[in-house]
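J.: Provided below: data.pdb, containing PDB, C-alpha atoms and all ligand atoms.
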```pdb
ATOM      1  CA  MET A   1     118.306  84.346  92.147  1.00  0.00           C
ATOM      2  CA  LEU A   2     115.555  86.955  92.101  1.00  0.00           C
ATOM      3  CA  GLY A   3     114.524  88.267  95.527  1.00  0.00           C
ATOM      4  CA  GLU A   4     110.955  88.112  96.792  1.00  0.00           C
ATOM      5  CA  ARG A   5     110.301  91.831  96.055  1.00  0.00           C
ATOM      6  CA  LEU A   6     111.153  91.494  92.363  1.00  0.00           C
ATOM      7  CA  ARG A   7     109.348  88.124  92.190  1.00  0.00           C
ATOM      8  CA  VAL A   8     106.078  89.692  93.411  1.00  0.00           C
ATOM      9  CA  ILE A   9     106.531  92.576  90.953  1.00  0.00           C
ATOM     10  CA  ALA A  10     107.063  90.007  88.179  1.00  0.00           C
ATOM     11  CA  ALA A  11     103.865  88.176  89.172  1.00  0.00           C
ATOM     12  CA  LEU A  12     101.871  91.370  88.500  1.00  0.00           C
ATOM     13  CA  VAL A  13     103.179  91.583  84.919  1.00  0.00           C
ATOM     14  CA  PRO A  14     100.597  90.073  82.530  1.00  0.00           C
ATOM     15  CA  LEU A  15     101.624  87.139  80.332  1.00  0.00           C
ATOM     16  CA  SER A  16     102.893  88.072  76.830  1.00  0.00           C
ATOM     17  CA  THR A  17     102.801  91.790  77.537  1.00  0.00           C
ATOM     18  CA  ARG A  18     105.257  94.166  75.865  1.00  0.00           C
ATOM     19  CA  LEU A  19     107.072  95.556  78.856  1.00  0.00           C
ATOM     20  CA  ALA A  20     109.232  98.541  79.752  1.00  0.00           C
ATOM     21  CA  ASP A  21     111.246  98.449  82.976  1.00  0.00           C
ATOM     22  CA  ILE A  22     112.143 102.020  83.894  1.00  0.00           C
ATOM     23  CA  GLY A  23     115.227 102.342  86.097  1.00  0.00           C
ATOM     24  CA  THR A  24     116.269  98.790  85.324  1.00  0.00           C
ATOM     25  CA  ASP A  25     119.672  98.954  87.074  1.00  0.00           C
ATOM     26  CA  HIS A  26     121.186  95.465  86.483  1.00  0.00           C
ATOM     27  CA  ALA A  27     118.213  94.372  84.305  1.00  0.00           C
ATOM     28  CA  LEU A  28     117.379  91.574  86.742  1.00  0.00           C
ATOM     29  CA  LEU A  29     113.616  91.874  86.250  1.00  0.00           C
ATOM     30  CA  PRO A  30     113.682  91.935  82.407  1.00  0.00           C
ATOM     31  CA  MET A  31     116.017  88.911  82.314  1.00  0.00           C
ATOM     32  CA  TYR A  32     113.784  86.974  84.700  1.00  0.00           C
ATOM     33  CA  LEU A  33     110.596  87.802  82.759  1.00  0.00           C
ATOM     34  CA  VAL A  34     112.138  86.803  79.418  1.00  0.00           C
ATOM     35  CA  GLU A  35     113.711  83.625  80.795  1.00  0.00           C
ATOM     36  CA  GLU A  36     110.412  82.634  82.471  1.00  0.00           C
ATOM     37  CA  GLY A  37     108.563  83.174  79.174  1.00  0.00           C
ATOM     38  CA  THR A  38     106.327  85.923  80.600  1.00  0.00           C
ATOM     39  CA  CYS A  39     107.530  88.621  78.191  1.00  0.00           C
ATOM     40  CA  PRO A  40     108.645  88.111  74.592  1.00  0.00           C
ATOM     41  CA  GLN A  41     110.334  91.531  74.453  1.00  0.00           C
ATOM     42  CA  VAL A  42     111.370  94.045  77.093  1.00  0.00           C
ATOM     43  CA  VAL A  43     112.702  97.584  76.828  1.00  0.00           C
ATOM     44  CA  ALA A  44     114.977  98.220  79.803  1.00  0.00           C
ATOM     45  CA  VAL A  45     115.502 101.952  80.435  1.00  0.00           C
ATOM     46  CA  GLU A  46     118.264 103.364  82.605  1.00  0.00           C
ATOM     47  CA  LYS A  47     119.510 106.922  82.953  1.00  0.00           C
ATOM     48  CA  ALA A  48     122.708 106.469  84.990  1.00  0.00           C
ATOM     49  CA  ALA A  49     125.919 105.436  83.216  1.00  0.00           C
ATOM     50  CA  GLY A  50     127.092 102.761  85.699  1.00  0.00           C
ATOM     51  CA  PRO A  51     123.825 100.797  85.927  1.00  0.00           C
ATOM     52  CA  LEU A  52     123.328 101.209  82.163  1.00  0.00           C
ATOM     53  CA  GLN A  53     126.668  99.555  81.508  1.00  0.00           C
ATOM     54  CA  ALA A  54     125.879  96.831  84.065  1.00  0.00           C
ATOM     55  CA  ALA A  55     122.494  96.161  82.415  1.00  0.00           C
ATOM     56  CA  ARG A  56     124.035  95.920  78.927  1.00  0.00           C
ATOM     57  CA  LYS A  57     126.726  93.534  80.164  1.00  0.00           C
ATOM     58  CA  ALA A  58     124.280  91.334  82.107  1.00  0.00           C
ATOM     59  CA  VAL A  59     121.926  91.049  79.114  1.00  0.00           C
ATOM     60  CA  ARG A  60     124.794  90.299  76.718  1.00  0.00           C
ATOM     61  CA  ASP A  61     126.354  87.720  79.078  1.00  0.00           C
ATOM     62  CA  ALA A  62     122.985  85.968  79.403  1.00  0.00           C
ATOM     63  CA  GLY A  63     122.625  85.904  75.597  1.00  0.00           C
ATOM     64  CA  LEU A  64     119.341  87.844  75.809  1.00  0.00           C
ATOM     65  CA  ASP A  65     120.201  90.833  73.538  1.00  0.00           C
ATOM     66  CA  ARG A  66     117.552  89.764  71.012  1.00  0.00           C
ATOM     67  CA  TYR A  67     114.809  90.012  73.624  1.00  0.00           C
ATOM     68  CA  ILE A  68     115.906  92.857  75.874  1.00  0.00           C
ATOM     69  CA  ASP A  69     116.633  96.271  74.405  1.00  0.00           C
ATOM     70  CA  VAL A  70     118.612  98.286  76.964  1.00  0.00           C
ATOM     71  CA  ARG A  71     118.134 102.006  76.314  1.00  0.00           C
ATOM     72  CA  GLU A  72     119.746 105.017  77.876  1.00  0.00           C
ATOM     73  CA  GLY A  73     117.272 107.709  78.882  1.00  0.00           C
ATOM     74  CA  ASP A  74     115.027 109.415  81.374  1.00  0.00           C
ATOM     75  CA  GLY A  75     111.749 107.764  82.370  1.00  0.00           C
ATOM     76  CA  LEU A  76     109.404 106.919  79.491  1.00  0.00           C
ATOM     77  CA  GLU A  77     111.165 109.314  77.060  1.00  0.00           C
ATOM     78  CA  PRO A  78     113.059 106.581  75.175  1.00  0.00           C
ATOM     79  CA  LEU A  79     109.796 104.727  74.340  1.00  0.00           C
ATOM     80  CA  SER A  80     107.784 105.142  71.129  1.00  0.00           C
ATOM     81  CA  PRO A  81     103.986 105.495  71.207  1.00  0.00           C
ATOM     82  CA  GLY A  82     102.279 102.080  71.278  1.00  0.00           C
ATOM     83  CA  GLU A  83     105.554 100.247  71.862  1.00  0.00           C
ATOM     84  CA  VAL A  84     104.698  98.803  75.298  1.00  0.00           C
ATOM     85  CA  ASP A  85     101.542  97.733  77.167  1.00  0.00           C
ATOM     86  CA  THR A  86     102.989  97.465  80.669  1.00  0.00           C
ATOM     87  CA  VAL A  87     105.415  99.705  82.529  1.00  0.00           C
ATOM     88  CA  VAL A  88     107.267  98.721  85.695  1.00  0.00           C
ATOM     89  CA  ILE A  89     108.894 101.416  87.831  1.00  0.00           C
ATOM     90  CA  ALA A  90     110.444  99.942  90.967  1.00  0.00           C
ATOM     91  CA  GLY A  91     112.907 100.956  93.617  1.00  0.00           C
ATOM     92  CA  MET A  92     112.476 104.741  93.461  1.00  0.00           C
ATOM     93  CA  GLY A  93     110.713 107.140  95.837  1.00  0.00           C
ATOM     94  CA  GLY A  94     106.947 107.510  95.471  1.00  0.00           C
ATOM     95  CA  GLN A  95     107.209 111.160  94.454  1.00  0.00           C
ATOM     96  CA  THR A  96     109.955 110.361  91.942  1.00  0.00           C
ATOM     97  CA  ILE A  97     107.774 107.657  90.346  1.00  0.00           C
ATOM     98  CA  ALA A  98     104.857 110.106  90.201  1.00  0.00           C
ATOM     99  CA  ALA A  99     107.153 112.698  88.557  1.00  0.00           C
ATOM    100  CA  VAL A 100     108.374 110.133  85.990  1.00  0.00           C
ATOM    101  CA  LEU A 101     104.747 109.327  85.105  1.00  0.00           C
ATOM    102  CA  ASP A 102     103.777 113.000  85.070  1.00  0.00           C
ATOM    103  CA  GLN A 103     106.589 113.821  82.635  1.00  0.00           C
ATOM    104  CA  ALA A 104     105.953 110.830  80.365  1.00  0.00           C
ATOM    105  CA  PRO A 105     105.190 111.742  76.740  1.00  0.00           C
ATOM    106  CA  ALA A 106     101.375 111.805  76.410  1.00  0.00           C
ATOM    107  CA  ALA A 107     101.391 109.573  73.310  1.00  0.00           C
ATOM    108  CA  VAL A 108     103.429 106.907  75.150  1.00  0.00           C
ATOM    109  CA  ILE A 109     101.447 106.824  78.405  1.00  0.00           C
ATOM    110  CA  LYS A 110      98.198 106.720  76.408  1.00  0.00           C
ATOM    111  CA  GLY A 111      99.061 103.241  75.116  1.00  0.00           C
ATOM    112  CA  VAL A 112      99.973 101.820  78.530  1.00  0.00           C
ATOM    113  CA  LYS A 113      97.426  99.338  79.867  1.00  0.00           C
ATOM    114  CA  ARG A 114      99.065  98.527  83.180  1.00  0.00           C
ATOM    115  CA  LEU A 115     101.504 100.114  85.605  1.00  0.00           C
ATOM    116  CA  VAL A 116     103.353  98.050  88.206  1.00  0.00           C
ATOM    117  CA  LEU A 117     104.964 100.383  90.724  1.00  0.00           C
ATOM    118  CA  GLN A 118     107.085  99.795  93.788  1.00  0.00           C
ATOM    119  CA  PRO A 119     107.765 102.996  95.709  1.00  0.00           C
ATOM    120  CA  MET A 120     110.507 102.994  98.369  1.00  0.00           C
ATOM    121  CA  ASN A 121     108.624 105.675 100.329  1.00  0.00           C
ATOM    122  CA  ARG A 122     105.708 108.151 100.043  1.00  0.00           C
ATOM    123  CA  ALA A 123     103.370 105.547  98.523  1.00  0.00           C
ATOM    124  CA  SER A 124     100.522 107.881  99.484  1.00  0.00           C
ATOM    125  CA  ALA A 125     101.818 110.603  97.119  1.00  0.00           C
ATOM    126  CA  LEU A 126     101.997 108.043  94.334  1.00  0.00           C
ATOM    127  CA  ARG A 127      98.463 106.731  94.988  1.00  0.00           C
ATOM    128  CA  GLU A 128      97.195 110.309  95.057  1.00  0.00           C
ATOM    129  CA  TRP A 129      98.834 110.975  91.680  1.00  0.00           C
ATOM    130  CA  LEU A 130      97.307 107.801  90.206  1.00  0.00           C
ATOM    131  CA  TYR A 131      93.753 108.637  91.371  1.00  0.00           C
ATOM    132  CA  GLY A 132      94.165 112.193  90.086  1.00  0.00           C
ATOM    133  CA  HIS A 133      95.372 111.163  86.627  1.00  0.00           C
ATOM    134  CA  GLY A 134      92.887 108.549  85.439  1.00  0.00           C
ATOM    135  CA  TRP A 135      94.363 105.382  86.946  1.00  0.00           C
ATOM    136  CA  ARG A 136      92.545 102.949  89.220  1.00  0.00           C
ATOM    137  CA  LEU A 137      94.321 100.546  91.550  1.00  0.00           C
ATOM    138  CA  ILE A 138      93.686  96.928  90.601  1.00  0.00           C
ATOM    139  CA  ASP A 139      96.005  95.184  93.044  1.00  0.00           C
ATOM    140  CA  GLU A 140      98.325  95.956  95.932  1.00  0.00           C
ATOM    141  CA  GLU A 141     100.938  93.738  97.561  1.00  0.00           C
ATOM    142  CA  LEU A 142     103.231  93.874 100.554  1.00  0.00           C
ATOM    143  CA  VAL A 143     106.561  92.054 100.578  1.00  0.00           C
ATOM    144  CA  ALA A 144     108.852  91.523 103.561  1.00  0.00           C
ATOM    145  CA  GLU A 145     112.498  91.466 102.490  1.00  0.00           C
ATOM    146  CA  SER A 146     115.763  92.554 104.110  1.00  0.00           C
ATOM    147  CA  ARG A 147     113.931  93.476 107.325  1.00  0.00           C
ATOM    148  CA  ARG A 148     111.595  95.987 105.696  1.00  0.00           C
ATOM    149  CA  LEU A 149     108.198  96.025 104.024  1.00  0.00           C
ATOM    150  CA  TYR A 150     107.811  96.971 100.373  1.00  0.00           C
ATOM    151  CA  GLU A 151     104.526  98.187  98.872  1.00  0.00           C
ATOM    152  CA  ILE A 152     103.705  97.221  95.295  1.00  0.00           C
ATOM    153  CA  ILE A 153     100.864  98.835  93.362  1.00  0.00           C
ATOM    154  CA  ALA A 154      99.297  97.692  90.086  1.00  0.00           C
ATOM    155  CA  ALA A 155      97.098 100.209  88.268  1.00  0.00           C
ATOM    156  CA  GLU A 156      95.142 100.326  85.034  1.00  0.00           C
ATOM    157  CA  PRO A 157      93.447 103.179  83.174  1.00  0.00           C
ATOM    158  CA  GLY A 158      90.063 104.048  84.674  1.00  0.00           C
ATOM    159  CA  GLU A 159      88.332 106.508  86.927  1.00  0.00           C
ATOM    160  CA  ALA A 160      87.896 105.789  90.632  1.00  0.00           C
ATOM    161  CA  SER A 161      87.267 108.103  93.541  1.00  0.00           C
ATOM    162  CA  SER A 162      90.192 108.599  95.867  1.00  0.00           C
ATOM    163  CA  PRO A 163      89.946 107.194  99.400  1.00  0.00           C
ATOM    164  CA  ASP A 164      90.699 109.405 102.407  1.00  0.00           C
ATOM    165  CA  ASP A 165      94.247 110.285 103.533  1.00  0.00           C
ATOM    166  CA  VAL A 166      94.605 107.373 105.946  1.00  0.00           C
ATOM    167  CA  LEU A 167      93.664 104.783 103.324  1.00  0.00           C
ATOM    168  CA  LEU A 168      95.810 106.558 100.720  1.00  0.00           C
ATOM    169  CA  GLU A 169      98.765 105.983 102.990  1.00  0.00           C
ATOM    170  CA  LEU A 170      97.833 102.479 104.136  1.00  0.00           C
ATOM    171  CA  GLY A 171      96.822 101.188 100.708  1.00  0.00           C
ATOM    172  CA  PRO A 172      93.068 100.843 100.015  1.00  0.00           C
ATOM    173  CA  LEU A 173      93.339  97.362  98.516  1.00  0.00           C
ATOM    174  CA  LEU A 174      95.759  96.133 101.173  1.00  0.00           C
ATOM    175  CA  TRP A 175      93.056  97.123 103.664  1.00  0.00           C
ATOM    176  CA  LYS A 176      90.100  95.812 101.662  1.00  0.00           C
ATOM    177  CA  ASN A 177      91.777  92.451 101.031  1.00  0.00           C
ATOM    178  CA  ARG A 178      93.206  92.252 104.564  1.00  0.00           C
ATOM    179  CA  HIS A 179      96.671  91.468 103.214  1.00  0.00           C
ATOM    180  CA  PRO A 180      98.494  88.908 105.409  1.00  0.00           C
ATOM    181  CA  LEU A 181     101.213  91.485 106.214  1.00  0.00           C
ATOM    182  CA  LEU A 182      98.743  94.300 106.926  1.00  0.00           C
ATOM    183  CA  CYS A 183      99.219  93.999 110.687  1.00  0.00           C
ATOM    184  CA  ASP A 184     102.984  94.703 110.301  1.00  0.00           C
ATOM    185  CA  HIS A 185     102.256  97.570 107.899  1.00  0.00           C
ATOM    186  CA  LEU A 186      99.787  99.145 110.341  1.00  0.00           C
ATOM    187  CA  ALA A 187     102.196  98.666 113.243  1.00  0.00           C
ATOM    188  CA  GLY A 188     104.929 100.468 111.252  1.00  0.00           C
ATOM    189  CA  LEU A 189     102.670 103.452 110.587  1.00  0.00           C
ATOM    190  CA  ILE A 190     101.494 103.618 114.214  1.00  0.00           C
ATOM    191  CA  GLU A 191     105.134 103.578 115.348  1.00  0.00           C
ATOM    192  CA  LYS A 192     106.087 106.293 112.847  1.00  0.00           C
ATOM    193  CA  TYR A 193     103.321 108.663 113.962  1.00  0.00           C
ATOM    194  CA  THR A 194     103.775 107.874 117.652  1.00  0.00           C
ATOM    195  CA  LYS A 195     107.453 108.905 117.332  1.00  0.00           C
ATOM    196  CA  ILE A 196     106.419 112.134 115.581  1.00  0.00           C
ATOM    197  CA  LEU A 197     103.988 112.878 118.430  1.00  0.00           C
ATOM    198  CA  GLU A 198     106.699 112.174 121.032  1.00  0.00           C
ATOM    199  CA  GLY A 199     109.034 114.559 119.163  1.00  0.00           C
ATOM    200  CA  MET A 200     106.317 117.223 119.200  1.00  0.00           C
ATOM    201  CA  ASP A 201     105.831 116.712 122.934  1.00  0.00           C
ATOM    202  CA  ARG A 202     109.565 117.286 123.494  1.00  0.00           C
ATOM    203  CA  ALA A 203     109.674 120.381 121.292  1.00  0.00           C
ATOM    204  CA  LEU A 204     109.316 123.728 123.015  1.00  0.00           C
ATOM    205  CA  ALA A 205     106.743 124.965 120.536  1.00  0.00           C
ATOM    206  CA  SER A 206     104.559 122.699 118.447  1.00  0.00           C
ATOM    207  CA  ASP A 207     101.548 123.195 116.242  1.00  0.00           C
ATOM    208  CA  ALA A 208      98.484 122.123 118.292  1.00  0.00           C
ATOM    209  CA  ASP A 209      96.327 121.522 115.209  1.00  0.00           C
ATOM    210  CA  LYS A 210      99.001 119.336 113.600  1.00  0.00           C
ATOM    211  CA  LYS A 211      99.400 117.403 116.840  1.00  0.00           C
ATOM    212  CA  ALA A 212      95.662 116.786 117.076  1.00  0.00           C
ATOM    213  CA  GLU A 213      95.585 115.660 113.443  1.00  0.00           C
ATOM    214  CA  ILE A 214      98.404 113.170 113.959  1.00  0.00           C
ATOM    215  CA  GLY A 215      96.846 111.992 117.220  1.00  0.00           C
ATOM    216  CA  ALA A 216      93.574 111.311 115.383  1.00  0.00           C
ATOM    217  CA  ARG A 217      95.463 109.400 112.698  1.00  0.00           C
ATOM    218  CA  VAL A 218      97.166 107.185 115.281  1.00  0.00           C
ATOM    219  CA  GLN A 219      93.776 106.547 116.888  1.00  0.00           C
ATOM    220  CA  ARG A 220      92.239 105.573 113.530  1.00  0.00           C
ATOM    221  CA  LEU A 221      95.164 103.246 112.701  1.00  0.00           C
ATOM    222  CA  LYS A 222      94.811 101.593 116.101  1.00  0.00           C
ATOM    223  CA  GLU A 223      91.066 101.084 115.495  1.00  0.00           C
ATOM    224  CA  MET A 224      91.876  99.505 112.143  1.00  0.00           C
ATOM    225  CA  MET A 225      94.384  97.203 113.821  1.00  0.00           C
ATOM    226  CA  LYS A 226      91.613  96.003 116.176  1.00  0.00           C
ATOM    227  CA  CYS A 227      89.521  94.969 113.144  1.00  0.00           C
ATOM    228  CA  LEU A 228      92.130  92.480 111.929  1.00  0.00           C
TER     229      LEU A 228
HETATM  230  C1  LIG B   1     117.380 101.554  93.286  1.00  0.00           C
HETATM  231  S1  LIG B   1     117.474 101.217  91.600  1.00  0.00           S
HETATM  232  C2  LIG B   1     116.150 100.088  91.375  1.00  0.00           C
HETATM  233  C3  LIG B   1     116.488  99.039  90.353  1.00  0.00           C
HETATM  234  C4  LIG B   1     115.360  98.084  90.022  1.00  0.00           C
HETATM  235  N1  LIG B   1     114.277  98.764  89.345  1.00  0.00           N
HETATM  236  C5  LIG B   1     114.844  97.400  91.262  1.00  0.00           C
HETATM  237  O1  LIG B   1     113.712  97.693  91.675  1.00  0.00           O
HETATM  238  O2  LIG B   1     115.568  96.577  91.825  1.00  0.00           O
HETATM  239  C6  LIG B   1     116.831 102.665  90.800  1.00  0.00           C
HETATM  240  C7  LIG B   1     117.400 102.816  89.397  1.00  0.00           C
HETATM  241  O3  LIG B   1     116.574 103.729  88.686  1.00  0.00           O
HETATM  242  C8  LIG B   1     117.404 104.581  87.916  1.00  0.00           C
HETATM  243  N2  LIG B   1     116.605 105.785  87.635  1.00  0.00           N
HETATM  244  C9  LIG B   1     116.211 106.723  88.528  1.00  0.00           C
HETATM  245  N3  LIG B   1     115.460 107.659  87.919  1.00  0.00           N
HETATM  246  C10 LIG B   1     115.372 107.297  86.610  1.00  0.00           C
HETATM  247  C11 LIG B   1     114.726 107.854  85.489  1.00  0.00           C
HETATM  248  N4  LIG B   1     114.031 108.983  85.574  1.00  0.00           N
HETATM  249  N5  LIG B   1     114.842 107.215  84.301  1.00  0.00           N
HETATM  250  C12 LIG B   1     115.562 106.079  84.183  1.00  0.00           C
HETATM  251  N6  LIG B   1     116.195 105.508  85.217  1.00  0.00           N
HETATM  252  C13 LIG B   1     116.103 106.097  86.424  1.00  0.00           C
HETATM  253  C14 LIG B   1     118.625 104.781  88.786  1.00  0.00           C
HETATM  254  O4  LIG B   1     119.742 105.187  88.024  1.00  0.00           O
HETATM  255  C15 LIG B   1     118.800 103.383  89.387  1.00  0.00           C
HETATM  256  O5  LIG B   1     119.627 102.558  88.597  1.00  0.00           O
END
```
Could you render the structure as C-alpha cells?
T.:
Amino acid sequence: MLGERLRVIAALVPLSTRLADIGTDHALLPMYLVEEGTCPQVVAVEKAAGPLQAARKAVRDAGLDRYIDVREGDGLEPLSPGEVDTVVIAGMGGQTIAAVLDQAPAAVIKGVKRLVLQPMNRASALREWLYGHGWRLIDEELVAESRRLYEIIAAEPGEASSPDDVLLELGPLLWKNRHPLLCDHLAGLIEKYTKILEGMDRALASDADKKAEIGARVQRLKEMMKCL
C-alpha cells in the first residue's frame, strides 16, 4: 500500500497528464497513478542499477509494461521534448532536485507544465531556485510519516516575486494557507535554530553577526507561531 507521503504527491498530479517520475526507485508512484487511472502513460527514470532493476521487475510483475516505460538515465536527460507535461522528483535533497532541474535539457523543461517536488531537506534552496527560474508555487503540502514531516511543493511556469528568507524556508503557501501541520513545522524550525544558538553559546569563538541573525530568525518564527 502507498504511504501517505506518496499519496499526497499523487494527489498533486493532474488527471490524464503525461508524467515522468525522476528517481522512481521501485516505481511505486507510477504504478499507483496508472492503476488509479490518473495517468495513461508514465516514464519512470532511474539512474542507479539496483533500483532500476527493481522498478523493471515491479512493473513487469504488475503487468503494467504497456503503460510505464522504465528508463535508465540521469534526471530529465532520458526524456524527449514535449513527451511529458508533469514531472515528479521526490525523495532527494532540495539542492539535488534543484541541480536536476538546472541540468535538464532546455527543450524538455520548456514543455513541462507542472512540477511536483518533495525535497528531503533544504526546501528553501529548492524554492529559491524555482522563483529564480520562472516557476511559481501553486500549492504546498506537509505530510507526517515515519515520525518526520515531509514538504511537498507544486509549481507551474510563471513569474512571481520571491518571499523573504524566513518564508522561503517555512513555505510561503504553507504559511498563507495556515496548513494544519504548520505548528509542528514551525516548532521544528524553532528547535533547529535554538540548538544552533546553544552550540554557538558553547563555542569559544562565534560570529556575533551570525548569532544575532539566527536569534532574529527564532524570534520571527516564534511570532509567527503566536499568530496560529
Ligand atoms: C530515496 S529514493 C526516492 C524514491 C521515490 N522517488 C520516492 O520518493 O519514494 C531516490 C532515488 O532517486 C534516484 N536518483 C537520484 N538522483 C537521480 C538522478 N539524477 N536521476 C535519476 N535518478 C536519480 C536514486 O537512485 C534513488 O533510487
J.: Skipping near chain neighbours, those fewer than 3 positions away, what residues fall within 12 Å of Ile196 of chain A using all atoms listed in the file, listed as an mmCIF file with C-alpha atoms, in the coordinates of the input?
T.:
```
data_model
loop_
_atom_site.group_PDB
_atom_site.id
_atom_site.type_symbol
_atom_site.label_atom_id
_atom_site.label_comp_id
_atom_site.auth_asym_id
_atom_site.auth_seq_id
_atom_site.Cartn_x
_atom_site.Cartn_y
_atom_site.Cartn_z
ATOM 1 C CA LEU A 189 102.670 103.452 110.587
ATOM 2 C CA ILE A 190 101.494 103.618 114.214
ATOM 3 C CA GLU A 191 105.134 103.578 115.348
ATOM 4 C CA LYS A 192 106.087 106.293 112.847
ATOM 5 C CA TYR A 193 103.321 108.663 113.962
ATOM 6 C CA GLY A 199 109.034 114.559 119.163
ATOM 7 C CA MET A 200 106.317 117.223 119.200
ATOM 8 C CA ASP A 201 105.831 116.712 122.934
ATOM 9 C CA ARG A 202 109.565 117.286 123.494
ATOM 10 C CA ALA A 203 109.674 120.381 121.292
ATOM 11 C CA SER A 206 104.559 122.699 118.447
ATOM 12 C CA LYS A 210 99.001 119.336 113.600
ATOM 13 C CA LYS A 211 99.400 117.403 116.840
ATOM 14 C CA ALA A 212 95.662 116.786 117.076
ATOM 15 C CA GLU A 213 95.585 115.660 113.443
ATOM 16 C CA ILE A 214 98.404 113.170 113.959
ATOM 17 C CA GLY A 215 96.846 111.992 117.220
ATOM 18 C CA ARG A 217 95.463 109.400 112.698
ATOM 19 C CA VAL A 218 97.166 107.185 115.281
#
```
J.: What box, with edges along x, y and z, holds each listed atom of ligand LIG 1 (chain B) when 5 Å is added on every side, and can you state its centre and edge lengths in Å to one decimal, as lines of an AutoDock Vina configuration file?
T.:
```
center_x = 116.7
center_y = 102.8
center_z = 88.7
size_x = 16.0
size_y = 22.4
size_z = 19.1
```
J.: Counting only C-alpha atoms and all ligand atoms, which protein, DNA or RNA residues come within 7 Å of ligand LIG 1 (chain B), given as a list in words?
T.: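 Selection of residues at most 7 Å from ligand LIG 1 (chain B): Leu6, Ile22, Gly23, Thr24, Asp25, Val45, Glu46, Lys47, Ala48, Pro51, Gly73, Asp74, Gly75, Ile89, Ala90, Gly91, Met92 and Val100 of chain A.
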J.: Hey, can you check how far atom CA of Gln118 of chain A sits from atom CA of Ile68 of chain A?
T.: 21.1 Å
J.: Point out the residue among A:Leu29, A:Ala98, A:Leu181, A:Leu76 with the least atom-to-atom distance to Tyr131 of chain A, counting all atoms listed in the file.
T.: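 Nearest to Tyr131 of chain A: A:Ala98.
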J.: Mind listing as an NGL selection string all residues within 12 Å of (97.8, 104.5, 110.1), counting all atoms listed in the file?
T.: :A and (124 or 164-172 or 175 or 182-194 or 213-225)
J.: Report the distance between atom CA of Leu130 of chain A and atom CA of Ile109 of chain A in Å, rounded to one decimal place.
T.: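 So the two atoms, atom CA of Leu130 of chain A and atom CA of Ile109 of chain A, lie 12.5 Å apart.
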J.: If we count only C-alpha atoms, what is near Leu173 of chain A at a cut-off of 10 Å, once residues fewer than 6 positions away on the same chain are taken out, given as a ChimeraX atom specification?
T.: /A:137-141,153,167,179
J.: Just so the selection is clear, what residues does the PyMOL selection byres (((chain A and resi 102) around 12) and not hetatm) cover here, as a compact mmCIF listing (two decimals) with C-alpha atoms, in the coordinates of the input?
T.:
```txt
# COMPACT_ATOMS: atom_id res chain seq x y z
CA GLY A 75 111.75 107.76 82.37
CA LEU A 76 109.40 106.92 79.49
CA GLU A 77 111.16 109.31 77.06
CA GLN A 95 107.21 111.16 94.45
CA THR A 96 109.96 110.36 91.94
CA ILE A 97 107.77 107.66 90.35
CA ALA A 98 104.86 110.11 90.20
CA ALA A 99 107.15 112.70 88.56
CA VAL A 100 108.37 110.13 85.99
CA LEU A 101 104.75 109.33 85.10
CA GLN A 103 106.59 113.82 82.64
CA ALA A 104 105.95 110.83 80.36
CA PRO A 105 105.19 111.74 76.74
CA ALA A 106 101.38 111.80 76.41
CA VAL A 108 103.43 106.91 75.15
CA ILE A 109 101.45 106.82 78.40
CA LEU A 126 102.00 108.04 94.33
CA TRP A 129 98.83 110.98 91.68
CA LEU A 130 97.31 107.80 90.21
CA GLY A 132 94.16 112.19 90.09
CA HIS A 133 95.37 111.16 86.63
CA GLY A 134 92.89 108.55 85.44
```
J.: Choose the residue, out of A:Ala49, A:Met31, A:Leu79, A:Leu19, that has the smallest atom-to-atom separation from Asp61 of chain A; count all atoms listed in the file.
T.: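 Of A:Ala49, A:Met31, A:Leu79, A:Leu19, the one nearest Asp61 of chain A is A:Met31, counting all atoms listed in the file.
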J.: Just the number, please: distance in Å from atom CA of Leu64 of chain A to atom CA of Thr17 of chain A, one decimal.
T.: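 Atom CA of Thr17 of chain A lies 17.1 Å from atom CA of Leu64 of chain A.
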J.: Counting all atoms listed in the file, which residue out of A:Arg136, A:Lys110, A:Lys226, A:His26 sits closest to Ala54 of chain A?
T.: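 Among A:Arg136, A:Lys110, A:Lys226, A:His26, it is A:His26 that comes nearest to Ala54 of chain A.
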J.: Just say which residues the PyMOL selection byres (((chain A and resi 40) around 8) and not hetatm) picks in this file, as a PyMOL selection string.
T.: chain A and resi 16-18+34+37-39+41-42+67
J.: Using the chain letters and numbering of this document, enumerate as a PDB file with C-alpha atoms, in the frame of the given file the residues selected by the PyMOL selection byres (((chain A and resi 148) around 12) and not hetatm).
T.:
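Written output follows (expr-v2.pdb):
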```
ATOM      1  CA  GLU A   4     110.955  88.112  96.792  1.00  0.00           C
ATOM      2  CA  ARG A   5     110.301  91.831  96.055  1.00  0.00           C
ATOM      3  CA  MET A 120     110.507 102.994  98.369  1.00  0.00           C
ATOM      4  CA  ASN A 121     108.624 105.675 100.329  1.00  0.00           C
ATOM      5  CA  LEU A 142     103.231  93.874 100.554  1.00  0.00           C
ATOM      6  CA  VAL A 143     106.561  92.054 100.578  1.00  0.00           C
ATOM      7  CA  ALA A 144     108.852  91.523 103.561  1.00  0.00           C
ATOM      8  CA  GLU A 145     112.498  91.466 102.490  1.00  0.00           C
ATOM      9  CA  SER A 146     115.763  92.554 104.110  1.00  0.00           C
ATOM     10  CA  ARG A 147     113.931  93.476 107.325  1.00  0.00           C
ATOM     11  CA  LEU A 149     108.198  96.025 104.024  1.00  0.00           C
ATOM     12  CA  TYR A 150     107.811  96.971 100.373  1.00  0.00           C
ATOM     13  CA  GLU A 151     104.526  98.187  98.872  1.00  0.00           C
ATOM     14  CA  LEU A 181     101.213  91.485 106.214  1.00  0.00           C
ATOM     15  CA  ASP A 184     102.984  94.703 110.301  1.00  0.00           C
ATOM     16  CA  HIS A 185     102.256  97.570 107.899  1.00  0.00           C
ATOM     17  CA  GLY A 188     104.929 100.468 111.252  1.00  0.00           C
TER      18      GLY A 188
END
```
J.: Leaving out Leu12 of chain A and any residue of its chain fewer than 2 positions from it, which residues lie within 9 Å of it when counting all atoms listed in the file, given as a list in words?
T.: Arg7, Val8, Ile9, Ala10, Pro14, Val116, Asp139, Ile153 and Ala154 of chain A
